[in-house]
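Quick look at query26.tsv (TSV, C-alpha atoms and all ligand atoms):
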```tsv
chain	number	residue	atom	x	y	z
A	1	MET	CA	36.02	165.03	254.01
A	2	SER	CA	38.98	162.73	253.58
A	3	THR	CA	40.66	162.00	250.24
A	4	GLU	CA	40.61	158.26	249.83
A	5	THR	CA	42.46	155.89	247.57
A	6	THR	CA	42.40	152.18	246.94
A	7	GLN	CA	45.96	150.99	247.19
A	8	THR	CA	47.86	147.88	246.26
A	9	THR	CA	51.60	147.26	246.47
A	10	ASP	CA	52.17	149.41	243.37
A	11	GLU	CA	51.72	152.36	245.71
A	12	PRO	CA	53.99	153.54	248.50
A	13	ALA	CA	53.99	151.60	251.74
A	14	ALA	CA	53.16	153.35	255.01
A	15	THR	CA	55.90	155.10	256.98
A	16	GLY	CA	57.87	152.59	258.97
A	17	VAL	CA	56.19	149.58	257.42
A	18	GLU	CA	59.27	148.69	255.38
A	19	GLU	CA	61.20	147.76	258.49
A	20	SER	CA	58.39	145.61	259.80
A	21	GLN	CA	57.64	143.92	256.48
A	22	ALA	CA	59.84	140.90	256.81
A	23	THR	CA	60.18	138.75	253.71
A	24	ALA	CA	58.37	135.43	253.47
A	25	GLU	CA	61.69	133.66	254.24
A	26	ASP	CA	62.19	135.67	257.44
A	27	ALA	CA	58.71	134.65	258.53
A	28	VAL	CA	59.81	131.22	259.69
A	29	SER	CA	61.76	132.69	262.59
A	30	ALA	CA	59.15	135.23	263.65
A	31	THR	CA	56.02	134.85	265.70
A	32	THR	CA	53.21	134.22	263.29
A	33	MET	CA	49.57	135.22	263.47
A	34	THR	CA	46.79	134.12	261.16
A	35	LEU	CA	44.46	136.60	259.50
A	36	GLU	CA	41.30	135.57	257.69
A	37	ILE	CA	40.61	138.29	255.17
A	38	TYR	CA	37.55	138.77	252.99
A	39	ARG	CA	38.42	138.39	249.32
A	40	GLY	CA	35.74	139.13	246.74
A	41	ASP	CA	33.10	141.68	245.88
A	42	ASP	CA	29.48	142.36	246.79
A	43	ASP	CA	28.19	139.26	244.99
A	44	VAL	CA	30.68	136.57	245.83
A	45	GLY	CA	33.57	136.26	248.23
A	46	GLU	CA	35.18	134.19	250.94
A	47	LEU	CA	37.50	134.44	253.90
A	48	VAL	CA	41.08	133.55	252.89
A	49	GLU	CA	43.67	132.62	255.52
A	50	TYR	CA	47.12	134.21	255.62
A	51	ASP	CA	49.96	133.58	258.08
A	52	VAL	CA	51.79	136.80	258.85
A	53	PRO	CA	55.11	137.20	260.74
A	54	VAL	CA	54.53	139.55	263.64
A	55	GLU	CA	56.94	142.11	265.00
A	56	GLU	CA	56.47	144.35	267.99
A	57	GLY	CA	54.18	147.29	267.41
A	58	MET	CA	52.55	145.98	264.25
A	59	VAL	CA	48.95	146.99	263.63
A	60	VAL	CA	46.36	145.13	261.57
A	61	LEU	CA	47.04	147.42	258.60
A	62	ASP	CA	50.74	146.43	258.74
A	63	ALA	CA	49.73	142.79	258.51
A	64	ILE	CA	47.54	143.56	255.48
A	65	HIS	CA	50.46	145.40	253.89
A	66	TRP	CA	52.73	142.41	254.56
A	67	ILE	CA	50.24	140.17	252.76
A	68	GLN	CA	50.10	142.62	249.85
A	69	ALA	CA	53.89	142.80	249.65
A	70	ASN	CA	54.57	139.08	249.99
A	71	GLU	CA	51.57	137.06	248.94
A	72	GLU	CA	48.62	138.93	247.41
A	73	PRO	CA	49.49	142.11	245.50
A	74	GLU	CA	45.86	142.32	244.34
A	75	LEU	CA	44.44	142.51	247.88
A	76	ALA	CA	42.53	145.80	248.02
A	77	VAL	CA	42.42	147.95	251.14
A	78	ARG	CA	41.78	151.68	251.53
A	79	TRP	CA	44.16	153.73	253.64
A	80	ASN	CA	46.05	157.00	253.62
A	81	CYS	CA	47.58	158.29	256.84
A	82	LYS	CA	48.25	155.19	258.96
A	83	SER	CA	47.81	157.34	262.03
A	84	GLY	CA	44.08	157.42	262.72
A	85	ARG	CA	43.55	160.79	261.06
A	86	CYS	CA	42.11	160.20	257.58
A	87	GLY	CA	39.33	157.74	258.40
A	88	SER	CA	40.07	155.64	255.31
A	89	CYS	CA	41.07	152.25	256.71
A	90	SER	CA	37.74	151.37	258.34
A	91	VAL	CA	37.10	147.63	258.39
A	92	GLU	CA	35.57	145.09	260.76
A	93	ILE	CA	38.09	143.19	262.87
A	94	ASP	CA	36.55	140.13	264.46
A	95	GLY	CA	33.22	141.75	263.60
A	96	MET	CA	33.97	145.02	265.40
A	97	PRO	CA	34.04	148.22	263.30
A	98	SER	CA	37.61	149.51	263.71
A	99	LEU	CA	40.39	151.51	262.09
A	100	ALA	CA	42.91	148.92	260.82
A	101	CYS	CA	45.79	151.31	261.46
A	102	MET	CA	44.91	151.76	265.14
A	103	LYS	CA	44.50	148.14	266.21
A	104	ARG	CA	47.70	146.47	267.35
A	105	LEU	CA	48.07	142.76	266.67
A	106	SER	CA	49.11	142.38	270.31
A	107	GLU	CA	45.49	143.15	271.30
A	108	TYR	CA	44.40	139.82	269.81
A	109	ASP	CA	44.84	136.21	270.88
A	110	PRO	CA	47.80	134.87	268.83
A	111	GLU	CA	46.26	131.39	268.84
A	112	THR	CA	43.01	132.49	267.17
A	113	PRO	CA	42.74	133.77	263.59
A	114	ILE	CA	41.80	137.44	263.30
A	115	THR	CA	39.01	138.03	260.79
A	116	VAL	CA	39.15	141.20	258.74
A	117	THR	CA	36.06	142.00	256.67
A	118	PRO	CA	34.76	145.13	254.92
A	119	MET	CA	32.17	147.36	256.61
A	120	ALA	CA	28.92	145.41	256.31
A	121	THR	CA	26.59	148.38	255.94
A	122	PHE	CA	27.92	149.36	252.51
A	123	PRO	CA	28.29	147.49	249.21
A	124	VAL	CA	31.73	145.93	248.67
A	125	VAL	CA	33.78	147.21	245.75
A	126	LYS	CA	36.62	144.72	246.24
A	127	ASP	CA	38.02	142.84	249.23
A	128	LEU	CA	38.18	145.33	252.13
A	129	VAL	CA	37.06	148.37	250.13
A	130	PRO	CA	33.40	149.41	250.48
A	131	ASP	CA	31.45	151.87	248.38
A	132	VAL	CA	30.69	154.66	250.85
A	133	SER	CA	29.34	157.14	248.29
A	134	TRP	CA	25.82	157.08	249.81
A	135	ASN	CA	27.26	158.99	252.77
A	136	TYR	CA	28.34	161.86	250.56
A	137	GLU	CA	24.87	162.04	249.03
A	138	VAL	CA	23.40	162.43	252.54
A	139	ASN	CA	25.94	165.12	253.30
A	140	GLU	CA	24.67	167.15	250.34
A	141	THR	CA	21.21	167.38	251.92
A	142	ILE	CA	22.43	169.35	254.95
A	143	GLU	CA	22.10	173.12	254.78
A	144	PRO	CA	25.65	174.44	255.22
A	145	PHE	CA	26.92	176.83	257.88
A	146	SER	CA	24.82	180.00	257.63
A	147	PRO	CA	26.06	182.94	259.72
A	148	ALA	CA	24.16	186.21	259.81
A	149	GLU	CA	25.59	188.91	257.56
A	150	ASP	CA	26.56	190.98	260.56
A	151	ALA	CA	27.94	188.07	262.63
A	152	ASP	CA	30.87	189.29	264.74
A	153	PHE	CA	32.25	185.82	265.58
A	154	GLU	CA	32.96	186.72	269.18
A	155	PHE	CA	31.55	184.13	271.54
A	156	TYR	CA	32.25	182.28	274.74
A	157	GLN	CA	34.83	179.51	274.92
A	158	GLU	CA	32.20	177.08	276.20
A	159	ASP	CA	30.21	177.64	273.01
A	160	VAL	CA	33.36	176.94	270.98
A	161	GLU	CA	33.95	173.70	272.89
A	162	ARG	CA	30.42	172.50	272.35
A	163	ALA	CA	30.65	172.76	268.56
A	164	ARG	CA	34.28	171.63	268.46
A	165	GLU	CA	33.52	168.11	269.69
A	166	PHE	CA	31.57	167.43	266.52
A	167	ARG	CA	34.26	168.85	264.27
A	168	LYS	CA	36.70	166.14	265.41
A	169	CYS	CA	34.92	163.70	263.10
A	170	ILE	CA	37.31	162.06	260.60
A	171	GLU	CA	34.50	160.59	258.46
A	172	CYS	CA	35.54	157.01	259.04
A	173	PHE	CA	31.87	155.91	258.89
A	174	LEU	CA	32.38	153.33	261.63
A	175	CYS	CA	29.32	154.79	263.37
A	176	GLN	CA	27.29	154.43	260.18
A	177	ASP	CA	28.52	150.85	259.90
A	178	VAL	CA	27.55	149.81	263.42
A	179	CYS	CA	24.16	151.56	263.54
A	180	HIS	CA	21.50	148.85	263.33
A	181	VAL	CA	19.03	151.19	261.62
A	182	LEU	CA	21.36	151.26	258.62
A	183	ARG	CA	23.15	147.94	259.03
A	184	GLU	CA	20.32	145.51	259.82
A	185	HIS	CA	17.25	147.44	258.70
A	186	ASP	CA	18.90	149.16	255.72
A	187	LYS	CA	16.90	152.38	256.26
A	188	LYS	CA	19.22	154.44	254.10
A	189	GLU	CA	16.22	156.03	252.37
A	190	SER	CA	14.84	157.30	255.68
A	191	TYR	CA	17.74	157.77	258.10
A	192	ALA	CA	20.87	159.88	257.64
A	193	GLY	CA	22.78	158.02	260.33
A	194	PRO	CA	24.89	159.16	263.29
A	195	ARG	CA	27.71	160.71	261.24
A	196	TYR	CA	25.33	163.25	259.72
A	197	LEU	CA	23.55	163.99	262.97
A	198	VAL	CA	27.04	164.79	264.28
A	199	ARG	CA	27.58	167.16	261.38
A	200	SER	CA	24.22	168.88	261.81
A	201	ALA	CA	24.86	169.17	265.55
A	202	GLY	CA	28.18	170.90	264.81
A	203	LEU	CA	26.25	173.43	262.72
A	204	HIS	CA	23.32	173.85	265.09
A	205	PHE	CA	25.48	174.40	268.13
A	206	HIS	CA	27.69	176.94	266.42
A	207	PRO	CA	26.72	180.20	268.10
A	208	GLU	CA	26.74	182.16	264.83
A	209	ASP	CA	24.73	179.72	262.74
A	210	THR	CA	21.23	180.93	261.87
A	211	ALA	CA	19.77	178.12	259.73
A	212	ASP	CA	16.80	176.13	261.01
A	213	ARG	CA	17.40	172.47	260.16
A	214	THR	CA	14.64	171.09	262.38
A	215	GLU	CA	12.50	169.99	259.45
A	216	TRP	CA	15.55	168.30	257.89
A	217	MET	CA	16.21	166.50	261.17
A	218	LYS	CA	12.66	165.21	261.33
A	219	ASP	CA	11.86	164.41	257.71
A	220	ASP	CA	15.13	163.94	255.83
A	221	ALA	CA	17.52	162.80	258.53
A	222	GLY	CA	14.82	160.78	260.28
A	223	VAL	CA	16.24	161.42	263.75
A	224	GLY	CA	13.25	159.56	265.22
A	225	PHE	CA	14.68	156.26	263.93
A	226	CYS	CA	17.51	156.42	266.47
A	227	ASN	CA	16.59	154.46	269.56
A	228	ILE	CA	19.60	155.56	271.59
A	229	THR	CA	21.50	152.27	271.75
A	230	ARG	CA	24.80	154.22	271.89
A	231	CYS	CA	26.60	151.66	269.69
A	232	CYS	CA	27.78	154.53	267.48
A	233	SER	CA	29.43	156.32	270.41
A	234	ASP	CA	31.15	153.07	271.41
A	235	VAL	CA	32.99	152.67	268.09
A	236	CYS	CA	33.86	156.33	267.40
A	237	PRO	CA	37.68	156.61	267.27
A	238	GLU	CA	37.43	160.30	268.15
A	239	ASP	CA	35.40	159.57	271.30
A	240	ILE	CA	32.61	161.85	270.18
A	241	GLU	CA	29.58	161.36	272.43
A	242	ILE	CA	27.41	160.94	269.38
A	243	THR	CA	24.22	159.80	271.06
A	244	ASP	CA	24.21	161.95	274.16
A	245	ASN	CA	25.68	165.15	272.78
A	246	ALA	CA	24.61	165.17	269.13
A	247	ILE	CA	21.51	163.04	268.65
A	248	ILE	CA	19.49	163.47	271.84
A	249	PRO	CA	19.55	167.30	271.75
A	250	GLN	CA	18.38	167.20	268.14
A	251	LYS	CA	15.60	164.76	269.02
A	252	GLU	CA	14.57	167.18	271.75
A	253	ARG	CA	14.53	170.04	269.30
A	254	VAL	CA	12.24	168.13	266.96
A	255	VAL	CA	9.92	167.19	269.82
A	256	ASP	CA	9.80	170.79	271.04
A	257	GLU	CA	9.05	172.08	267.58
A	258	TYR	CA	6.55	169.51	266.36
A	259	TYR	CA	5.11	167.54	269.24
A	260	ASP	CA	5.01	169.78	272.32
A	261	PRO	CA	1.24	170.29	272.98
A	262	LEU	CA	1.74	173.58	274.88
A	263	ARG	CA	3.80	174.98	272.08
A	264	ARG	CA	1.19	173.88	269.55
A	265	LEU	CA	-1.56	175.47	271.66
A	266	ARG	CA	0.41	178.72	271.92
A	267	SER	CA	0.96	178.72	268.20
A	268	TRP	CA	-2.75	178.04	267.54
A	269	LEU	CA	-3.82	180.81	269.93
A	270	SER	CA	-1.42	183.28	268.41
A	271	GLY	CA	-3.04	182.53	265.06
A	272	LEU	CA	-6.38	183.69	266.44
A	273	TRP	CA	-5.10	187.15	267.23
A	301	LIG	S1	22.35	155.43	269.14
A	301	LIG	FE1	21.07	155.81	267.36
A	301	LIG	S2	22.52	156.39	265.75
A	301	LIG	FE2	23.71	155.41	267.38
A	301	LIG	S3	23.85	153.27	266.76
A	301	LIG	FE3	22.05	153.45	268.12
A	301	LIG	S4	20.29	153.80	266.75
A	301	LIG	FE4	22.18	154.19	265.56
A	302	LIG	S1	31.38	160.46	264.29
A	302	LIG	FE1	33.13	159.19	264.94
A	302	LIG	S2	32.65	157.14	264.13
A	302	LIG	FE2	31.29	158.57	263.08
A	302	LIG	S3	32.34	159.07	261.17
A	302	LIG	FE3	32.92	160.64	262.70
A	302	LIG	S4	34.82	159.92	263.63
A	302	LIG	FE4	33.89	158.16	262.57
A	303	LIG	S1	44.94	154.98	257.44
A	303	LIG	FE1	44.13	156.90	258.04
A	303	LIG	S2	42.84	156.42	259.69
A	303	LIG	FE2	43.79	154.53	259.22
```

Would you mind writing the file's structure down as structure tokens?
Amino acid sequence: MSTETTQTTDEPAATGVEESQATAEDAVSATTMTLEIYRGDDDVGELVEYDVPVEEGMVVLDAIHWIQANEEPELAVRWNCKSGRCGSCSVEIDGMPSLACMKRLSEYDPETPITVTPMATFPVVKDLVPDVSWNYEVNETIEPFSPAEDADFEFYQEDVERAREFRKCIECFLCQDVCHVLREHDKKESYAGPRYLVRSAGLHFHPEDTADRTEWMKDDAGVGFCNITRCCSDVCPEDIEITDNAIIPQKERVVDEYYDPLRRLRSWLSGLW
């Protein structure tokens, strides 16, 4: 779980940003791009336009920092590492869930304003900072890693690799943001979302884990709500194959356990003897 902070210009700038943060006066001689940034909270807000001088290599987070340093010290954005590792700077750039520190300004049309808005699936605290605390509540419902007492922790490399994919997660919540079950249908009461099916997959596929989370998958996580659109996999900055490798196998496990007629018949017959 990442440690996250809401930062304004009172706090240290990111490594290397100082050089790229030209002053407002320098801006006149630099290439300029326009950003439209959401300013406000969950009740009221608007897109506000800022012209930012652009230097080679700048990312969207650099542009936000330039605005903080030169025009709007109160502009709130969450970030920590500025290297795609902490998962804190998740926003929507032109409507696409993205890490602000990993999107170069050069990827965007300089003639068209870039919109930067907070993740739409969660309530807005201020400007670009959402309240993601619901995610941590879901996390609490998952039975933790449960090895047998006599587990020897010797297993095949292929088993290590299978579980390792899911442990790459940086908890950016971009997958939670894009998932229509949460975003458009607001099924937070019924569906844990892709991030937590990734976490449970990492536990299930660990060769030494012994817990049975099938009931959690079905009833608490609501894995049946996923209709395999793969939007979550598309936005994952760690390239985790969320749908194919984490969610579908867990759907299959639930089906095997609860809905396979042969299995139910076997179980019923065994009850007769
Ligand atoms: S594949 Fe499932 S979890 Fe991923 S975005 Fe689609 S519905 Fe949501
Ligand atoms: S699974 Fe990918 S998109 Fe989802 S929280 Fe983890 S790193 Fe982010
Ligand atoms: S600031 Fe850490 S991932 Fe962007």

Item to check | Contacts to ligand LIG 302 (chain A) at 9 Å cut-off (all atoms listed in the file) as a PyMOL selection string | outcome: chain A and resi 87+90+166-178+193-199+232-242

How would the residues just chosen look if you wrote them out with C-alpha atoms as an mmCIF file, in the coordinates of the input?
```cif
data_model
loop_
_atom_site.group_PDB
_atom_site.id
_atom_site.type_symbol
_atom_site.label_atom_id
_atom_site.label_comp_id
_atom_site.auth_asym_id
_atom_site.auth_seq_id
_atom_site.Cartn_x
_atom_site.Cartn_y
_atom_site.Cartn_z
ATOM 1 C CA GLY A 87 39.330 157.740 258.400
ATOM 2 C CA SER A 90 37.740 151.370 258.340
ATOM 3 C CA PHE A 166 31.570 167.430 266.520
ATOM 4 C CA ARG A 167 34.260 168.850 264.270
ATOM 5 C CA LYS A 168 36.700 166.140 265.410
ATOM 6 C CA CYS A 169 34.920 163.700 263.100
ATOM 7 C CA ILE A 170 37.310 162.060 260.600
ATOM 8 C CA GLU A 171 34.500 160.590 258.460
ATOM 9 C CA CYS A 172 35.540 157.010 259.040
ATOM 10 C CA PHE A 173 31.870 155.910 258.890
ATOM 11 C CA LEU A 174 32.380 153.330 261.630
ATOM 12 C CA CYS A 175 29.320 154.790 263.370
ATOM 13 C CA GLN A 176 27.290 154.430 260.180
ATOM 14 C CA ASP A 177 28.520 150.850 259.900
ATOM 15 C CA VAL A 178 27.550 149.810 263.420
ATOM 16 C CA GLY A 193 22.780 158.020 260.330
ATOM 17 C CA PRO A 194 24.890 159.160 263.290
ATOM 18 C CA ARG A 195 27.710 160.710 261.240
ATOM 19 C CA TYR A 196 25.330 163.250 259.720
ATOM 20 C CA LEU A 197 23.550 163.990 262.970
ATOM 21 C CA VAL A 198 27.040 164.790 264.280
ATOM 22 C CA ARG A 199 27.580 167.160 261.380
ATOM 23 C CA CYS A 232 27.780 154.530 267.480
ATOM 24 C CA SER A 233 29.430 156.320 270.410
ATOM 25 C CA ASP A 234 31.150 153.070 271.410
ATOM 26 C CA VAL A 235 32.990 152.670 268.090
ATOM 27 C CA CYS A 236 33.860 156.330 267.400
ATOM 28 C CA PRO A 237 37.680 156.610 267.270
ATOM 29 C CA GLU A 238 37.430 160.300 268.150
ATOM 30 C CA ASP A 239 35.400 159.570 271.300
ATOM 31 C CA ILE A 240 32.610 161.850 270.180
ATOM 32 C CA GLU A 241 29.580 161.360 272.430
ATOM 33 C CA ILE A 242 27.410 160.940 269.380
#
```

Tell me, counting all atoms listed in the file, for each residue of chain A within 7 Å of ligand LIG 303 (chain A), which pair of atoms is nearest and how far apart they are in Å to one decimal, in rows ordered by chain and increasing number, as CSV.
```
residue,atom,partner,partner_atom,distance
A:Trp79,CA,A:LIG303,S1,4.1
A:Asn80,CA,A:LIG303,S1,4.5
A:Cys81,CA,A:LIG303,FE1,3.9
A:Lys82,CA,A:LIG303,S1,3.6
A:Ser83,CA,A:LIG303,FE1,5.4
A:Gly84,CA,A:LIG303,S2,3.4
A:Arg85,CA,A:LIG303,S2,4.6
A:Cys86,CA,A:LIG303,FE1,3.9
A:Gly87,CA,A:LIG303,S2,4.0
A:Ser88,CA,A:LIG303,FE1,5.1
A:Cys89,CA,A:LIG303,FE2,4.3
A:Ser90,CA,A:LIG303,FE2,6.9
A:Leu99,CA,A:LIG303,FE2,5.4
A:Ala100,CA,A:LIG303,FE2,5.9
A:Cys101,CA,A:LIG303,FE2,4.4
A:Met102,CA,A:LIG303,FE2,6.6
```

Atoms kept (C-alpha atoms) for selection, written as an mmCIF file, in the frame of the given file:
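Resulting contents of out39.cif:
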```cif
data_model
loop_
_atom_site.group_PDB
_atom_site.id
_atom_site.type_symbol
_atom_site.label_atom_id
_atom_site.label_comp_id
_atom_site.auth_asym_id
_atom_site.auth_seq_id
_atom_site.Cartn_x
_atom_site.Cartn_y
_atom_site.Cartn_z
ATOM 1 C CA TRP A 79 44.160 153.730 253.640
ATOM 2 C CA ASN A 80 46.050 157.000 253.620
ATOM 3 C CA CYS A 81 47.580 158.290 256.840
ATOM 4 C CA LYS A 82 48.250 155.190 258.960
ATOM 5 C CA SER A 83 47.810 157.340 262.030
ATOM 6 C CA GLY A 84 44.080 157.420 262.720
ATOM 7 C CA ARG A 85 43.550 160.790 261.060
ATOM 8 C CA CYS A 86 42.110 160.200 257.580
ATOM 9 C CA GLY A 87 39.330 157.740 258.400
ATOM 10 C CA SER A 88 40.070 155.640 255.310
ATOM 11 C CA CYS A 89 41.070 152.250 256.710
ATOM 12 C CA SER A 90 37.740 151.370 258.340
ATOM 13 C CA LEU A 99 40.390 151.510 262.090
ATOM 14 C CA ALA A 100 42.910 148.920 260.820
ATOM 15 C CA CYS A 101 45.790 151.310 261.460
ATOM 16 C CA MET A 102 44.910 151.760 265.140
#
```

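For ligand LIG 301 (chain A), the set of protein, DNA and RNA residues within 6 Å, based on all atoms listed in the file, reads A:Cys179, A:His180, A:Val181, A:Gly193, A:Pro194, A:Cys226, A:Asn227, A:Ile228, A:Thr229, A:Arg230, A:Cys231, A:Cys232, A:Thr243.
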
Long-range neighbours of Glu107 (chain A) as a PDB file with C-alpha atoms, in the frame of the given file, 12 Å cut-off, only C-alpha atoms, 6 positions minimum in chain:
```
ATOM      1  CA  MET A  33      49.570 135.220 263.470  1.00  0.00           C
ATOM      2  CA  GLU A  56      56.470 144.350 267.990  1.00  0.00           C
ATOM      3  CA  GLY A  57      54.180 147.290 267.410  1.00  0.00           C
ATOM      4  CA  MET A  58      52.550 145.980 264.250  1.00  0.00           C
ATOM      5  CA  VAL A  59      48.950 146.990 263.630  1.00  0.00           C
ATOM      6  CA  VAL A  60      46.360 145.130 261.570  1.00  0.00           C
ATOM      7  CA  ILE A  93      38.090 143.190 262.870  1.00  0.00           C
ATOM      8  CA  ASP A  94      36.550 140.130 264.460  1.00  0.00           C
ATOM      9  CA  ILE A 114      41.800 137.440 263.300  1.00  0.00           C
TER      10      ILE A 114
END
```

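The closest residue to His185 (chain A), picked from A:Ala63, A:Phe225, A:Ile142, A:Asp127 and counting all atoms listed in the file, is A:Phe225.
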
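Between CA of Arg39 (chain A) and CA of Lys188 (chain A) the interatomic distance comes to 25.5 Å.
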
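The nearest approach to Ala69 (chain A) among the residues A:Leu182, A:Thr117, A:Asp212, A:Val52, with all atoms listed in the file taken into account, belongs to A:Val52.
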
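The interatomic distance for the pair CA of Lys251 (chain A) and CA of Arg264 (chain A) works out to 17.1 Å.
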
Item to check | Computed interatomic separation between CA of Ala163 (chain A) and CA of Pro249 (chain A) (Å) | outcome: 12.8 Å

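Using all atoms listed in the file, the shortest contact distance between Glu49 (chain A) and any of A:Tyr156, A:Leu35, A:Ile248, A:Glu208 is found at A:Leu35.
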
Item to check | Closest of A:Asp209, A:Glu46, A:Glu111, A:Asp131 to Asp150 (chain A) - atom-to-atom distances counting all atoms listed in the file | outcome: A:Asp209

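Ranking A:Gln250, A:Thr31, A:Gln157, A:Asn70 by their shortest atom-to-atom distance to Lys218 (chain A), with only C-alpha atoms included, puts A:Gln250 first.
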
Kindly write region 224-247 of chain A with N, CA and C atoms to a file, as a PDB file, in the first residue's frame.
```
ATOM      1  N   GLY A 224     -18.962 -12.112 -10.155  1.00  0.00           N
ATOM      2  CA  GLY A 224     -19.917 -12.278 -11.251  1.00  0.00           C
ATOM      3  C   GLY A 224     -20.293 -10.973 -11.932  1.00  0.00           C
ATOM      4  N   PHE A 225     -20.062  -9.832 -11.261  1.00  0.00           N
ATOM      5  CA  PHE A 225     -20.395  -8.551 -11.894  1.00  0.00           C
ATOM      6  C   PHE A 225     -19.458  -8.210 -13.054  1.00  0.00           C
ATOM      7  N   CYS A 226     -18.280  -8.781 -13.061  1.00  0.00           N
ATOM      8  CA  CYS A 226     -17.330  -8.479 -14.142  1.00  0.00           C
ATOM      9  C   CYS A 226     -17.812  -9.129 -15.434  1.00  0.00           C
ATOM     10  N   ASN A 227     -17.950  -8.330 -16.462  1.00  0.00           N
ATOM     11  CA  ASN A 227     -18.351  -8.920 -17.743  1.00  0.00           C
ATOM     12  C   ASN A 227     -17.234  -8.869 -18.776  1.00  0.00           C
ATOM     13  N   ILE A 228     -15.985  -8.909 -18.268  1.00  0.00           N
ATOM     14  CA  ILE A 228     -14.812  -9.207 -19.089  1.00  0.00           C
ATOM     15  C   ILE A 228     -14.621  -8.203 -20.241  1.00  0.00           C
ATOM     16  N   THR A 229     -14.795  -6.940 -19.948  1.00  0.00           N
ATOM     17  CA  THR A 229     -14.572  -5.930 -20.992  1.00  0.00           C
ATOM     18  C   THR A 229     -13.084  -5.661 -21.224  1.00  0.00           C
ATOM     19  N   ARG A 230     -12.259  -6.002 -20.242  1.00  0.00           N
ATOM     20  CA  ARG A 230     -10.806  -5.823 -20.296  1.00  0.00           C
ATOM     21  C   ARG A 230     -10.354  -4.353 -20.238  1.00  0.00           C
ATOM     22  N   CYS A 231     -11.246  -3.448 -19.910  1.00  0.00           N
ATOM     23  CA  CYS A 231     -10.836  -2.034 -19.791  1.00  0.00           C
ATOM     24  C   CYS A 231      -9.806  -1.877 -18.678  1.00  0.00           C
ATOM     25  N   CYS A 232      -9.943  -2.665 -17.614  1.00  0.00           N
ATOM     26  CA  CYS A 232      -8.997  -2.547 -16.494  1.00  0.00           C
ATOM     27  C   CYS A 232      -7.589  -2.931 -16.935  1.00  0.00           C
ATOM     28  N   SER A 233      -7.477  -4.015 -17.695  1.00  0.00           N
ATOM     29  CA  SER A 233      -6.155  -4.431 -18.184  1.00  0.00           C
ATOM     30  C   SER A 233      -5.549  -3.348 -19.070  1.00  0.00           C
ATOM     31  N   ASP A 234      -6.388  -2.675 -19.853  1.00  0.00           N
ATOM     32  CA  ASP A 234      -5.881  -1.662 -20.792  1.00  0.00           C
ATOM     33  C   ASP A 234      -5.231  -0.478 -20.088  1.00  0.00           C
ATOM     34  N   VAL A 235      -5.707  -0.117 -18.888  1.00  0.00           N
ATOM     35  CA  VAL A 235      -5.152   1.078 -18.229  1.00  0.00           C
ATOM     36  C   VAL A 235      -4.086   0.742 -17.196  1.00  0.00           C
ATOM     37  N   CYS A 236      -3.854  -0.528 -16.911  1.00  0.00           N
ATOM     38  CA  CYS A 236      -2.920  -0.873 -15.824  1.00  0.00           C
ATOM     39  C   CYS A 236      -1.490  -0.474 -16.189  1.00  0.00           C
ATOM     40  N   PRO A 237      -0.858   0.414 -15.423  1.00  0.00           N
ATOM     41  CA  PRO A 237       0.501   0.842 -15.760  1.00  0.00           C
ATOM     42  C   PRO A 237       1.545  -0.248 -15.551  1.00  0.00           C
ATOM     43  N   GLU A 238       1.183  -1.305 -14.842  1.00  0.00           N
ATOM     44  CA  GLU A 238       2.104  -2.420 -14.623  1.00  0.00           C
ATOM     45  C   GLU A 238       1.856  -3.558 -15.607  1.00  0.00           C
ATOM     46  N   ASP A 239       0.977  -3.325 -16.577  1.00  0.00           N
ATOM     47  CA  ASP A 239       0.674  -4.335 -17.602  1.00  0.00           C
ATOM     48  C   ASP A 239       0.243  -5.673 -17.002  1.00  0.00           C
ATOM     49  N   ILE A 240      -0.443  -5.618 -15.901  1.00  0.00           N
ATOM     50  CA  ILE A 240      -0.986  -6.857 -15.337  1.00  0.00           C
ATOM     51  C   ILE A 240      -2.186  -7.271 -16.193  1.00  0.00           C
ATOM     52  N   GLU A 241      -2.222  -8.517 -16.584  1.00  0.00           N
ATOM     53  CA  GLU A 241      -3.366  -9.017 -17.368  1.00  0.00           C
ATOM     54  C   GLU A 241      -4.492  -9.311 -16.386  1.00  0.00           C
ATOM     55  N   ILE A 242      -5.124  -8.235 -15.944  1.00  0.00           N
ATOM     56  CA  ILE A 242      -6.086  -8.341 -14.846  1.00  0.00           C
ATOM     57  C   ILE A 242      -7.241  -9.284 -15.204  1.00  0.00           C
ATOM     58  N   THR A 243      -7.826  -9.057 -16.356  1.00  0.00           N
ATOM     59  CA  THR A 243      -9.020  -9.835 -16.704  1.00  0.00           C
ATOM     60  C   THR A 243      -8.674 -11.293 -16.975  1.00  0.00           C
ATOM     61  N   ASP A 244      -7.704 -11.499 -17.848  1.00  0.00           N
ATOM     62  CA  ASP A 244      -7.425 -12.878 -18.277  1.00  0.00           C
ATOM     63  C   ASP A 244      -6.749 -13.707 -17.187  1.00  0.00           C
ATOM     64  N   ASN A 245      -5.801 -13.081 -16.477  1.00  0.00           N
ATOM     65  CA  ASN A 245      -5.012 -13.883 -15.537  1.00  0.00           C
ATOM     66  C   ASN A 245      -5.538 -13.861 -14.107  1.00  0.00           C
ATOM     67  N   ALA A 246      -6.233 -12.789 -13.725  1.00  0.00           N
ATOM     68  CA  ALA A 246      -6.713 -12.714 -12.334  1.00  0.00           C
ATOM     69  C   ALA A 246      -8.208 -13.003 -12.227  1.00  0.00           C
ATOM     70  N   ILE A 247      -9.010 -12.355 -13.065  1.00  0.00           N
ATOM     71  CA  ILE A 247     -10.461 -12.426 -12.845  1.00  0.00           C
ATOM     72  C   ILE A 247     -11.066 -13.710 -13.419  1.00  0.00           C
TER      73      ILE A 247
END
```
